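Shown below: start-v4.cif, with mmCIF, C-alpha atoms.
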```cif
data_final
loop_
_atom_site.label_atom_id
_atom_site.label_comp_id
_atom_site.auth_asym_id
_atom_site.auth_seq_id
_atom_site.Cartn_x
_atom_site.Cartn_y
_atom_site.Cartn_z
CA MET A 375 -11.87 -10.34 -25.27
CA THR A 376 -8.18 -10.05 -24.55
CA ASP A 377 -5.93 -7.20 -25.62
CA ARG A 378 -2.51 -5.89 -24.82
CA ILE A 379 -1.50 -2.37 -23.87
CA GLU A 380 1.99 -1.46 -24.98
CA MET A 381 4.09 -0.17 -22.12
CA PRO A 382 6.81 2.47 -22.55
CA PHE A 383 9.01 0.22 -20.43
CA SER A 384 8.69 -3.09 -18.67
CA LEU A 385 6.54 -3.40 -15.57
CA ILE A 386 8.04 -6.81 -14.82
CA ARG A 387 10.14 -6.71 -11.68
CA PRO A 388 12.49 -9.31 -10.26
CA SER A 389 11.19 -11.23 -7.28
CA ARG A 390 12.61 -10.38 -3.88
CA ARG A 391 14.37 -13.77 -3.85
CA GLN A 392 16.38 -12.72 -6.92
CA PHE A 393 17.73 -9.70 -5.02
CA ILE A 394 18.85 -11.36 -1.83
CA ALA A 395 22.08 -13.18 -1.03
CA GLY A 396 22.64 -14.93 2.29
CA ALA A 397 23.55 -12.37 4.90
CA ALA A 398 25.27 -14.78 7.23
CA ALA A 399 27.40 -16.21 4.45
CA ALA A 400 28.36 -12.70 3.40
CA GLY A 401 29.53 -11.84 6.90
CA LEU A 402 26.84 -9.24 7.38
CA ILE A 403 25.51 -10.77 10.59
CA LEU A 404 28.06 -10.31 13.34
CA PRO A 405 28.36 -12.60 16.39
CA GLY A 406 25.62 -11.93 18.93
CA ALA A 407 23.45 -9.99 16.51
CA ARG A 408 20.74 -12.64 16.27
CA ASP A 409 20.21 -12.59 20.03
CA ALA A 410 20.61 -8.87 20.56
CA PHE A 411 17.78 -7.23 22.48
CA ALA A 412 16.97 -3.96 20.80
CA GLN A 413 16.70 -1.08 23.23
CA ALA A 414 16.09 0.87 20.02
CA ARG A 415 12.53 -0.26 19.45
CA VAL A 416 9.32 1.48 18.46
CA GLN A 417 6.38 0.66 20.71
CA ILE A 418 3.24 0.81 18.57
CA THR A 419 0.03 1.56 20.46
CA GLU A 420 -3.20 3.30 19.58
CA GLY A 421 -2.10 6.37 21.52
CA ASN A 422 0.71 8.77 20.79
CA VAL A 423 3.95 7.30 19.50
CA ALA A 424 7.28 8.97 20.17
CA PRO A 425 9.14 8.60 16.85
CA LEU A 426 12.45 6.75 17.19
CA PRO A 427 15.53 8.89 16.40
CA ILE A 428 17.49 7.07 13.70
CA ALA A 429 20.64 8.05 11.77
CA ILE A 430 20.90 7.08 8.09
CA PRO A 431 24.21 8.25 6.55
CA ASN A 432 24.70 8.09 2.80
CA PHE A 433 25.74 4.63 1.66
CA VAL A 434 29.47 4.21 1.00
CA ALA A 435 30.27 3.79 -2.70
CA GLY A 436 33.26 2.95 -4.86
CA THR A 437 32.74 5.33 -7.80
CA PRO A 438 31.12 8.75 -8.30
CA ALA A 439 28.24 7.11 -10.20
CA ASP A 440 27.67 4.61 -7.40
CA ASN A 441 28.00 7.45 -4.91
CA GLU A 442 24.95 9.13 -6.44
CA VAL A 443 22.96 5.89 -6.13
CA GLY A 444 24.20 5.40 -2.56
CA ASN A 445 22.97 8.86 -1.63
CA GLY A 446 19.67 8.14 -3.34
CA VAL A 447 19.16 4.85 -1.46
CA ALA A 448 19.82 6.56 1.89
CA GLN A 449 17.40 9.35 0.98
CA VAL A 450 14.58 6.96 -0.02
CA ILE A 451 15.04 4.99 3.23
CA THR A 452 15.00 8.27 5.18
CA ASN A 453 11.81 9.44 3.46
CA ASN A 454 10.06 6.08 3.93
CA LEU A 455 10.78 5.87 7.64
CA LYS A 456 9.93 9.52 8.23
CA ARG A 457 6.61 9.25 6.37
CA SER A 458 5.65 6.25 8.50
CA GLY A 459 5.46 8.59 11.49
CA LEU A 460 7.27 6.04 13.67
CA PHE A 461 10.81 7.28 13.04
CA ALA A 462 12.59 10.63 13.32
CA PRO A 463 15.57 10.56 10.93
CA ILE A 464 18.36 12.85 12.15
CA ASP A 465 19.62 15.57 9.80
CA GLN A 466 22.90 14.45 8.23
CA ALA A 467 24.35 17.90 8.96
CA ALA A 468 24.41 16.93 12.64
CA PHE A 469 26.53 13.80 12.12
CA ILE A 470 29.93 13.78 13.83
CA GLU A 471 31.28 10.60 12.27
CA LYS A 472 31.62 9.95 8.53
CA VAL A 473 31.05 6.28 7.75
CA THR A 474 33.73 5.02 5.34
CA ASN A 475 33.76 1.27 6.07
CA ILE A 476 30.65 -0.67 7.07
CA ASP A 477 32.70 -3.77 7.98
CA THR A 478 33.97 -2.23 11.21
CA PRO A 479 31.67 -1.23 14.08
CA PRO A 480 30.84 2.48 14.26
CA GLN A 481 32.06 4.72 17.08
CA PHE A 482 28.80 4.54 18.97
CA GLN A 483 29.55 7.46 21.27
CA ASN A 484 29.52 9.73 18.21
CA TRP A 485 26.00 8.59 17.44
CA LYS A 486 24.83 8.82 21.04
CA THR A 487 26.00 12.44 21.00
CA VAL A 488 23.53 13.25 18.21
CA ASN A 489 20.80 11.34 20.12
CA ALA A 490 20.49 8.49 17.62
CA GLN A 491 18.98 5.33 19.05
CA ALA A 492 19.41 3.33 15.83
CA LEU A 493 21.97 3.61 13.02
CA VAL A 494 21.90 2.32 9.45
CA THR A 495 25.16 1.88 7.52
CA GLY A 496 25.37 0.70 3.94
CA ARG A 497 27.49 0.28 0.82
CA MET A 498 26.86 0.23 -2.93
CA THR A 499 29.37 -1.60 -5.13
CA ARG A 500 29.36 -2.07 -8.91
CA GLN A 501 30.01 -5.68 -9.91
CA SER A 502 32.00 -6.84 -12.95
CA ASP A 503 28.78 -7.94 -14.67
CA GLY A 504 27.27 -4.45 -14.27
CA ARG A 505 24.96 -5.29 -11.38
CA LEU A 506 24.82 -3.28 -8.17
CA LYS A 507 25.61 -4.94 -4.86
CA ALA A 508 23.81 -3.26 -1.96
CA GLU A 509 24.67 -4.04 1.67
CA PHE A 510 23.32 -2.63 4.90
CA ARG A 511 23.64 -3.07 8.65
CA LEU A 512 21.24 -1.90 11.35
CA TRP A 513 22.77 -1.03 14.74
CA ASP A 514 21.37 -0.47 18.22
CA VAL A 515 23.38 2.56 19.33
CA ALA A 516 22.79 2.08 23.07
CA THR A 517 24.01 -1.53 23.18
CA GLY A 518 26.44 -1.45 20.26
CA GLN A 519 24.74 -4.57 18.90
CA GLN A 520 23.99 -5.23 15.25
CA LEU A 521 20.30 -5.93 14.78
CA ALA A 522 20.14 -6.84 11.09
CA GLY A 523 22.33 -7.17 8.02
CA GLN A 524 21.68 -8.17 4.43
CA GLN A 525 23.08 -7.86 0.94
CA TYR A 526 21.29 -7.63 -2.39
CA PHE A 527 22.26 -7.79 -6.06
CA THR A 528 20.25 -5.93 -8.65
CA SER A 529 20.30 -4.22 -12.02
CA PRO A 530 21.05 -0.52 -11.50
CA GLU A 531 17.53 0.55 -12.52
CA TYR A 532 16.06 -1.20 -9.47
CA TRP A 533 17.99 0.77 -6.86
CA ARG A 534 14.79 2.38 -5.52
CA ARG A 535 13.24 -1.06 -5.00
CA ILE A 536 16.33 -2.07 -2.96
CA ALA A 537 15.81 1.02 -0.81
CA HIS A 538 12.19 0.01 -0.17
CA ILE A 539 13.19 -3.56 0.74
CA ILE A 540 15.83 -2.28 3.18
CA SER A 541 13.25 0.10 4.65
CA ASP A 542 10.94 -2.85 5.27
CA GLN A 543 13.76 -4.78 6.99
CA ILE A 544 14.49 -1.83 9.31
CA TYR A 545 10.80 -1.23 10.01
CA GLU A 546 10.15 -4.87 10.89
CA ARG A 547 13.24 -5.22 13.10
CA LEU A 548 12.46 -2.07 15.09
CA THR A 549 8.65 -2.34 15.31
CA GLY A 550 8.07 -6.09 15.26
CA GLU A 551 5.56 -5.65 12.42
CA LYS A 552 5.89 -6.15 8.68
CA GLY A 553 6.76 -3.10 6.63
CA TYR A 554 4.80 -1.81 3.65
CA PHE A 555 7.35 0.15 1.59
CA ASP A 556 8.01 -2.47 -1.12
CA SER A 557 4.49 -2.10 -2.49
CA ARG A 558 2.60 -0.22 -5.16
CA VAL A 559 -0.63 1.76 -5.48
CA VAL A 560 -2.98 1.75 -8.45
CA PHE A 561 -5.16 4.85 -8.80
CA VAL A 562 -7.18 6.91 -11.24
CA ASP A 563 -5.12 9.78 -12.69
CA GLU A 564 -7.32 12.74 -13.57
CA SER A 565 -6.43 15.57 -15.93
CA GLY A 566 -8.16 18.22 -17.99
CA PRO A 567 -11.05 20.57 -17.15
CA LYS A 568 -13.63 19.31 -14.66
CA GLU A 569 -16.41 19.01 -17.24
CA ARG A 570 -14.17 17.01 -19.60
CA ARG A 571 -11.95 15.15 -17.15
CA VAL A 572 -9.68 12.46 -18.64
CA LYS A 573 -9.32 9.50 -16.30
CA ARG A 574 -6.48 7.04 -16.79
CA LEU A 575 -5.51 4.01 -14.77
CA ALA A 576 -2.07 4.63 -13.24
CA LEU A 577 0.38 2.69 -11.11
CA MET A 578 3.10 4.02 -8.80
CA ASP A 579 5.36 2.98 -5.96
CA GLN A 580 3.77 3.64 -2.56
CA ASP A 581 5.86 6.80 -2.16
CA GLY A 582 4.62 8.32 -5.44
CA ALA A 583 7.68 7.46 -7.57
CA ASN A 584 7.77 5.53 -10.86
CA VAL A 585 4.32 6.50 -12.14
CA ARG A 586 3.19 4.41 -15.12
CA TYR A 587 -0.06 4.74 -17.07
CA LEU A 588 -1.95 1.52 -17.74
CA THR A 589 -4.76 2.92 -19.90
CA ARG A 590 -4.76 5.71 -22.47
CA GLY A 591 -7.71 7.73 -21.19
CA ALA A 592 -10.05 7.15 -24.13
CA ASP A 593 -12.63 5.59 -21.79
CA LEU A 594 -13.58 6.38 -18.21
CA VAL A 595 -12.05 4.04 -15.60
CA LEU A 596 -13.18 3.54 -11.98
CA THR A 597 -12.53 1.48 -8.84
CA PRO A 598 -9.23 -0.28 -9.60
CA ARG A 599 -8.42 -3.03 -7.07
CA PHE A 600 -5.33 -5.20 -6.61
CA SER A 601 -5.40 -8.96 -6.37
CA PRO A 602 -4.08 -10.02 -2.93
CA SER A 603 -2.18 -12.94 -4.49
CA THR A 604 -0.99 -11.89 -7.97
CA GLN A 605 0.14 -8.74 -9.77
CA GLU A 606 -3.29 -8.28 -11.32
CA ILE A 607 -5.82 -5.46 -11.12
CA THR A 608 -9.57 -5.53 -11.60
CA TYR A 609 -11.37 -2.33 -12.55
CA MET A 610 -14.44 -0.89 -14.29
CA GLU A 611 -14.37 0.87 -17.63
CA PHE A 612 -17.13 2.93 -19.20
CA GLY A 613 -16.69 2.49 -22.95
CA GLN A 614 -19.48 2.03 -25.44
CA GLY A 615 -22.64 0.88 -23.68
CA ASP A 616 -22.66 -0.56 -20.17
CA PRO A 617 -19.56 -0.48 -17.98
CA LYS A 618 -17.42 -3.59 -18.17
CA VAL A 619 -15.24 -5.25 -15.52
CA TYR A 620 -11.69 -5.96 -16.64
CA LEU A 621 -8.71 -7.90 -15.37
CA PHE A 622 -5.33 -6.33 -16.08
CA ASN A 623 -2.06 -8.25 -15.69
CA ILE A 624 0.65 -5.75 -14.72
CA GLU A 625 3.53 -8.01 -15.73
CA THR A 626 2.28 -8.83 -19.25
CA GLY A 627 0.19 -5.74 -20.03
CA GLN A 628 -2.70 -7.97 -21.08
CA ARG A 629 -6.27 -7.34 -20.08
CA GLU A 630 -9.47 -9.34 -20.43
CA ILE A 631 -13.14 -8.86 -19.66
CA VAL A 632 -14.22 -10.66 -16.51
CA GLY A 633 -17.61 -11.40 -18.04
CA ASN A 634 -20.60 -9.90 -19.78
CA PHE A 635 -23.32 -8.92 -17.35
CA PRO A 636 -26.78 -7.49 -18.06
CA GLY A 637 -27.17 -4.04 -16.58
CA MET A 638 -24.58 -2.04 -14.69
CA SER A 639 -21.75 -3.59 -12.66
CA PHE A 640 -19.92 -1.87 -9.81
CA SER A 641 -17.10 -2.19 -7.31
CA PRO A 642 -15.30 -5.35 -8.45
CA ARG A 643 -12.85 -6.78 -5.92
CA PHE A 644 -10.75 -9.96 -5.72
CA SER A 645 -11.13 -12.76 -3.21
CA PRO A 646 -8.04 -13.31 -0.99
CA ASP A 647 -6.86 -16.23 -3.15
CA GLY A 648 -7.27 -14.21 -6.36
CA GLN A 649 -9.49 -16.90 -7.88
CA ARG A 650 -12.80 -15.01 -7.73
CA VAL A 651 -14.12 -11.49 -8.25
CA ILE A 652 -17.01 -10.19 -6.18
CA MET A 653 -19.09 -7.28 -7.46
CA SER A 654 -22.42 -5.49 -7.40
CA LEU A 655 -24.79 -5.87 -10.36
CA GLN A 656 -27.68 -3.48 -10.91
CA GLN A 657 -31.05 -4.90 -11.89
CA GLY A 658 -33.78 -2.31 -12.14
CA GLY A 659 -33.77 0.02 -9.15
CA ASN A 660 -31.74 -2.26 -6.88
CA SER A 661 -28.37 -3.97 -6.96
CA ASN A 662 -27.17 -7.24 -5.46
CA LEU A 663 -23.86 -8.93 -4.82
CA PHE A 664 -22.50 -11.60 -7.14
CA VAL A 665 -19.25 -13.56 -7.18
CA MET A 666 -17.61 -14.97 -10.31
CA ASP A 667 -15.12 -17.83 -10.39
CA LEU A 668 -12.38 -16.64 -12.76
CA ARG A 669 -11.55 -20.15 -13.97
CA SER A 670 -15.01 -21.53 -14.68
CA LYS A 671 -16.65 -18.11 -15.26
CA SER A 672 -19.61 -19.36 -13.22
CA THR A 673 -21.50 -16.66 -11.29
CA THR A 674 -23.16 -17.05 -7.89
CA ARG A 675 -25.68 -14.60 -6.47
CA LEU A 676 -25.00 -13.72 -2.82
CA THR A 677 -27.79 -11.27 -1.92
CA ASN A 678 -31.39 -10.93 -3.09
CA THR A 679 -33.01 -7.83 -1.64
CA PRO A 680 -34.94 -4.84 -3.02
CA ALA A 681 -32.15 -2.61 -1.66
CA ILE A 682 -28.84 -1.40 -3.07
CA ASP A 683 -26.05 -3.75 -1.95
CA THR A 684 -22.61 -2.67 -3.15
CA SER A 685 -18.89 -2.21 -2.30
CA PRO A 686 -18.19 -5.77 -1.10
CA SER A 687 -14.80 -6.59 0.48
CA TYR A 688 -13.50 -9.95 1.70
CA ALA A 689 -12.00 -10.68 5.10
CA PRO A 690 -8.35 -11.73 4.61
CA ASP A 691 -9.18 -15.36 5.45
CA GLY A 692 -11.96 -15.39 2.84
CA SER A 693 -14.64 -16.46 5.31
CA ARG A 694 -16.75 -13.28 5.38
CA ILE A 695 -17.48 -10.16 3.39
CA CYS A 696 -18.40 -6.66 4.46
CA PHE A 697 -20.52 -4.50 2.17
CA GLU A 698 -22.62 -1.36 1.98
CA SER A 699 -26.42 -1.58 1.88
CA ASP A 700 -29.35 0.79 2.26
CA ARG A 701 -31.73 -2.03 3.22
CA GLY A 702 -32.26 -0.28 6.58
CA GLY A 703 -33.18 3.06 4.98
CA LYS A 704 -29.77 4.64 4.48
CA PRO A 705 -26.32 3.24 3.59
CA GLN A 706 -24.81 1.20 6.43
CA ILE A 707 -22.14 -1.50 6.71
CA TYR A 708 -23.11 -5.16 6.92
CA VAL A 709 -21.10 -8.37 7.36
CA MET A 710 -22.15 -11.80 6.13
CA PRO A 711 -20.62 -15.21 5.29
CA ALA A 712 -18.67 -15.19 2.03
CA ALA A 713 -21.01 -17.80 0.53
CA GLY A 714 -24.07 -15.67 1.33
CA GLY A 715 -26.60 -15.96 4.11
CA GLN A 716 -27.74 -13.81 7.01
CA ALA A 717 -26.18 -10.32 6.99
CA GLN A 718 -25.42 -8.53 10.26
CA ARG A 719 -25.45 -4.73 10.41
CA ILE A 720 -22.37 -3.42 12.24
CA SER A 721 -22.55 0.38 11.81
CA PHE A 722 -24.87 2.34 14.10
CA GLY A 723 -23.47 5.87 14.31
CA GLU A 724 -25.12 9.04 13.05
CA GLY A 725 -24.94 9.56 9.29
CA SER A 726 -24.39 7.08 6.47
CA TYR A 727 -21.52 4.65 5.87
CA SER A 728 -20.02 3.54 2.55
CA THR A 729 -16.98 2.02 0.77
CA PRO A 730 -16.06 -0.50 3.52
CA VAL A 731 -12.76 -2.35 3.15
CA TRP A 732 -11.34 -5.10 5.34
CA SER A 733 -7.83 -4.67 6.75
CA PRO A 734 -5.20 -7.22 5.61
CA ARG A 735 -4.60 -7.89 9.32
CA GLY A 736 -8.26 -8.81 9.77
CA ASP A 737 -8.71 -6.49 12.76
CA TYR A 738 -10.47 -3.45 11.27
CA ILE A 739 -12.88 -2.36 8.58
CA ALA A 740 -12.23 1.09 7.13
CA PHE A 741 -15.10 3.16 5.72
CA THR A 742 -16.31 6.52 4.47
CA LYS A 743 -18.86 8.23 6.73
CA GLN A 744 -21.05 11.11 5.66
CA GLY A 745 -22.91 13.35 8.08
CA GLY A 746 -23.17 16.95 9.20
CA GLY A 747 -21.80 18.22 5.90
CA GLN A 748 -18.56 16.28 6.43
CA PHE A 749 -17.01 13.22 4.82
CA SER A 750 -14.87 11.24 7.25
CA ILE A 751 -12.53 8.29 6.89
CA GLY A 752 -12.81 5.95 9.85
CA ILE A 753 -12.18 2.45 11.11
CA MET A 754 -14.13 0.07 13.32
CA LYS A 755 -13.58 -3.43 14.62
CA THR A 756 -15.18 -6.18 12.56
CA ASP A 757 -18.11 -6.46 14.98
CA GLY A 758 -18.78 -2.71 14.69
CA SER A 759 -17.29 -1.75 18.05
CA GLY A 760 -14.51 0.76 18.62
CA GLU A 761 -15.45 3.14 15.80
CA ARG A 762 -12.86 5.91 15.31
CA LEU A 763 -12.86 8.69 12.74
CA LEU A 764 -9.32 9.25 11.48
CA THR A 765 -9.89 12.41 9.45
CA SER A 766 -12.81 14.60 8.35
CA GLY A 767 -13.26 17.23 5.67
CA TYR A 768 -15.33 18.52 2.79
CA HIS A 769 -15.05 15.32 0.73
CA ASN A 770 -12.93 12.33 1.78
CA GLU A 771 -13.59 8.93 0.23
CA GLY A 772 -12.29 5.53 -0.83
CA PRO A 773 -10.03 4.13 1.94
CA THR A 774 -7.49 1.40 1.18
CA PHE A 775 -5.14 -0.31 3.63
CA ALA A 776 -1.35 -0.68 3.38
CA PRO A 777 -0.28 -4.35 3.25
CA ASN A 778 0.53 -4.37 6.98
CA GLY A 779 -2.78 -2.74 7.97
CA ARG A 780 -1.06 0.17 9.76
CA VAL A 781 -1.79 2.95 7.24
CA VAL A 782 -4.90 3.97 5.30
CA MET A 783 -4.77 5.83 1.97
CA PHE A 784 -7.79 7.73 0.62
CA PHE A 785 -8.64 10.62 -1.70
CA ARG A 786 -9.86 14.11 -0.85
CA GLU A 787 -11.63 16.47 -3.23
CA GLN A 788 -10.32 20.01 -2.91
CA GLY A 789 -8.84 22.82 -4.97
CA GLY A 790 -10.52 21.83 -8.22
CA GLY A 791 -9.82 18.11 -8.06
CA PRO A 792 -8.97 15.10 -5.89
CA SER A 793 -5.63 14.26 -4.26
CA LEU A 794 -4.35 11.21 -2.40
CA TYR A 795 -3.59 11.22 1.34
CA SER A 796 -2.43 8.69 3.89
CA ILE A 797 -3.00 8.48 7.63
CA ASP A 798 -2.02 6.05 10.39
CA VAL A 799 -4.79 3.87 11.87
CA SER A 800 -4.27 5.73 15.14
CA GLY A 801 -5.38 8.95 13.40
CA ARG A 802 -1.88 10.45 13.39
CA ASN A 803 0.47 11.55 10.65
CA GLU A 804 -1.82 12.63 7.83
CA LEU A 805 0.26 13.19 4.70
CA LYS A 806 -0.39 14.13 1.08
CA VAL A 807 0.83 11.48 -1.37
CA PRO A 808 2.62 13.02 -4.36
CA THR A 809 1.02 12.38 -7.77
CA PRO A 810 1.57 14.06 -11.17
CA GLY A 811 -1.90 15.63 -11.17
CA PHE A 812 -5.31 15.01 -9.69
CA ALA A 813 -5.76 11.48 -8.37
CA SER A 814 -8.59 9.39 -6.92
CA ASP A 815 -9.65 5.81 -6.09
CA PRO A 816 -6.35 4.48 -4.69
CA ALA A 817 -5.86 0.76 -4.06
CA TRP A 818 -2.77 -0.57 -2.28
CA SER A 819 -1.01 -3.70 -3.53
CA PRO A 820 0.19 -6.52 -1.32
CA LEU A 821 3.92 -6.54 -0.61
CA LEU A 822 5.82 -7.43 -3.75
CA SER A 823 7.14 -10.97 -3.53
#
```

Starting from the coordinates I provided, produce the structure as structure tokens.
Amino acid sequence: MTDRIEMPFSLIRPSRRQFIAGAAAAGLILPGARDAFAQARVQITEGNVAPLPIAIPNFVAGTPADNEVGNGVAQVITNNLKRSGLFAPIDQAAFIEKVTNIDTPPQFQNWKTVNAQALVTGRMTRQSDGRLKAEFRLWDVATGQQLAGQQYFTSPEYWRRIAHIISDQIYERLTGEKGYFDSRVVFVDESGPKERRVKRLALMDQDGANVRYLTRGADLVLTPRFSPSTQEITYMEFGQGDPKVYLFNIETGQREIVGNFPGMSFSPRFSPDGQRVIMSLQQGGNSNLFVMDLRSKSTTRLTNTPAIDTSPSYAPDGSRICFESDRGGKPQIYVMPAAGGQAQRISFGEGSYSTPVWSPRGDYIAFTKQGGGQFSIGIMKTDGSGERLLTSGYHNEGPTFAPNGRVVMFFREQGGGPSLYSIDVSGRNELKVPTPGFASDPAWSPLLS
């Protein structure tokens, strides 16, 4: 079965390559910038991080219309960096200098006076063919050195995407790690009274903007998950009869059934190469893990126990999977080879563990832990050591990692329905993620390519 869901507007986005023009050729990298040592640098540790003071003036623009976009780009960059918890954007009201030309070095003393350690300058220019040209420079205020510079060309409707890409460039240059702002989140949008809740599959930018609905809400949808390699989603839908596992292509709007399985199927998730889907299939009172090759449609059974094995998640290199099982009496986290075999229990704390998910960095497994009347979101190393609870409350569930592995998003049930939250892997900077209504089951995309 294959069908197509009509979108109110296109979900197809240009690739990052289509945006970028050579920075060096455009004169955006000044002499000495490539070798500049950034005194303005965020040191990321597991302890407390002192956010880096950074100044982000509105981007210079040629027309009033472009001026509005330039202000918007600066604001999105400001919000992204602030929400990361690693940067402290300075209020524009404190600025002494007004940036009018990004081709000449700023008066750095003016920025030192307002305690900025890094400075972003930028310009938006309308081209004769209607496209927007966006340029930015990143400066180390203490040394007066330029740290990065790039220019982009885009259709005007993609100005927010440009702001996310620039945010990633700044984040990477000042932290040494990849950013995560040019990414999306799929989630379950919930509306209506609790006893008749309508659940629709929805997609948004990681900051909550550009929400699009992928299903109409006629049938219940659960556990959407992004492919790590393509702009595809797998999810469960309760229609007539047993729940079915679907693939949904974001770019084309087409969906297809992964396969027809006897009994109930749960928790589908892609392999790192996007070529397989691993899931839990119920048979009688127990459930086991199965993997399906999406090309051949052949299915391989991975576990065969009288227990409930569910919520499988691949390591980023595809060699192992973590999953939840009650084979020891109550739900715990296990790790085993991706092809099946001996499973090793890695969770040993008080309470029960569920919904494990492997970090894209390969260093942590995030989980939901229940005990003492609390639901906690936590992380542990892949051998089970170093367990840390990031946040606890009445009902927290469903962690998902940002593409760089630095941030975890989850949902919390409160106030009549669930909402999305994010928190740093150090346990700092818990933030509510804006959504149009109630929201659950988030899944973070890889960085858009």

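Counting only C-alpha atoms, the residue from A:Met610, A:Leu805, A:Ala522, A:Ala448 that sits nearest to Arg497 in chain A is A:Ala448.
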
If we count all atoms listed in the file, what is near range 498-514 of chain A at a cut-off of 8 Å, once residues fewer than 5 positions away on the same chain are taken out, given as a PyMOL selection string?
-> chain A and resi 402+412-414+433-436+440-441+443-444+476+491-493+519-530+536+540+544

On this structure, which residues satisfy the PyMOL selection byres ((chain A and resi 490) around 8), written as a compact mmCIF listing (two decimals) with C-alpha atoms, keeping the file's coordinate frame?
```txt
# COMPACT_ATOMS: atom_id res chain seq x y z
CA PRO A 427 15.53 8.89 16.40
CA ILE A 428 17.49 7.07 13.70
CA ALA A 429 20.64 8.05 11.77
CA ILE A 464 18.36 12.85 12.15
CA TRP A 485 26.00 8.59 17.44
CA LYS A 486 24.83 8.82 21.04
CA THR A 487 26.00 12.44 21.00
CA VAL A 488 23.53 13.25 18.21
CA ASN A 489 20.80 11.34 20.12
CA GLN A 491 18.98 5.33 19.05
CA ALA A 492 19.41 3.33 15.83
CA LEU A 493 21.97 3.61 13.02
CA VAL A 515 23.38 2.56 19.33
```

From the list A:Phe741, A:Phe482, A:Tyr620, A:Phe749, the nearest residue to Leu668 in chain A using only C-alpha atoms is A:Tyr620

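CA of Asp593 in chain A sits 16.8 Å away from CA of Gln628 in chain A.
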
Report as a ChimeraX atom specification the residues that result from applying the PyMOL selection byres ((chain A and resi 635-649) around 9) to the structure here.
-> /A:596-604,606-610,616-620,633-634,650-658,661,666-669,684-692

Place N, CA and C atoms on range 456-469 of chain A and deliver the coordinates as a PDB file, in the coordinates of the input.
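Output file rebuild35.pdb is given in full below:
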```
ATOM      1  N   LYS A 456      10.512   8.287   7.718  1.00  0.00           N
ATOM      2  CA  LYS A 456       9.930   9.520   8.230  1.00  0.00           C
ATOM      3  C   LYS A 456       8.428   9.576   7.953  1.00  0.00           C
ATOM      4  N   ARG A 457       8.016   9.194   6.733  1.00  0.00           N
ATOM      5  CA  ARG A 457       6.610   9.250   6.370  1.00  0.00           C
ATOM      6  C   ARG A 457       5.770   8.255   7.162  1.00  0.00           C
ATOM      7  N   SER A 458       6.401   7.208   7.684  1.00  0.00           N
ATOM      8  CA  SER A 458       5.650   6.250   8.500  1.00  0.00           C
ATOM      9  C   SER A 458       5.161   6.864   9.802  1.00  0.00           C
ATOM     10  N   GLY A 459       5.817   7.943  10.236  1.00  0.00           N
ATOM     11  CA  GLY A 459       5.460   8.590  11.490  1.00  0.00           C
ATOM     12  C   GLY A 459       6.038   7.924  12.721  1.00  0.00           C
ATOM     13  N   LEU A 460       6.729   6.790  12.543  1.00  0.00           N
ATOM     14  CA  LEU A 460       7.270   6.040  13.670  1.00  0.00           C
ATOM     15  C   LEU A 460       8.750   6.312  13.898  1.00  0.00           C
ATOM     16  N   PHE A 461       9.374   7.022  12.960  1.00  0.00           N
ATOM     17  CA  PHE A 461      10.810   7.280  13.040  1.00  0.00           C
ATOM     18  C   PHE A 461      11.090   8.769  12.832  1.00  0.00           C
ATOM     19  N   ALA A 462      12.152   9.245  13.468  1.00  0.00           N
ATOM     20  CA  ALA A 462      12.590  10.630  13.320  1.00  0.00           C
ATOM     21  C   ALA A 462      14.023  10.625  12.800  1.00  0.00           C
ATOM     22  N   PRO A 463      14.220  10.544  11.478  1.00  0.00           N
ATOM     23  CA  PRO A 463      15.570  10.560  10.930  1.00  0.00           C
ATOM     24  C   PRO A 463      16.303  11.848  11.308  1.00  0.00           C
ATOM     25  N   ILE A 464      17.553  11.711  11.705  1.00  0.00           N
ATOM     26  CA  ILE A 464      18.360  12.850  12.150  1.00  0.00           C
ATOM     27  C   ILE A 464      19.013  13.504  10.934  1.00  0.00           C
ATOM     28  N   ASP A 465      19.013  14.820  10.899  1.00  0.00           N
ATOM     29  CA  ASP A 465      19.620  15.570   9.800  1.00  0.00           C
ATOM     30  C   ASP A 465      21.095  15.193   9.672  1.00  0.00           C
ATOM     31  N   GLN A 466      21.505  14.849   8.448  1.00  0.00           N
ATOM     32  CA  GLN A 466      22.900  14.450   8.230  1.00  0.00           C
ATOM     33  C   GLN A 466      23.887  15.549   8.606  1.00  0.00           C
ATOM     34  N   ALA A 467      23.454  16.797   8.592  1.00  0.00           N
ATOM     35  CA  ALA A 467      24.350  17.900   8.960  1.00  0.00           C
ATOM     36  C   ALA A 467      24.802  17.811  10.409  1.00  0.00           C
ATOM     37  N   ALA A 468      24.056  17.059  11.218  1.00  0.00           N
ATOM     38  CA  ALA A 468      24.410  16.930  12.640  1.00  0.00           C
ATOM     39  C   ALA A 468      25.408  15.811  12.902  1.00  0.00           C
ATOM     40  N   PHE A 469      25.680  14.967  11.900  1.00  0.00           N
ATOM     41  CA  PHE A 469      26.530  13.800  12.120  1.00  0.00           C
ATOM     42  C   PHE A 469      27.959  14.216  12.466  1.00  0.00           C
TER      43      PHE A 469
END
```
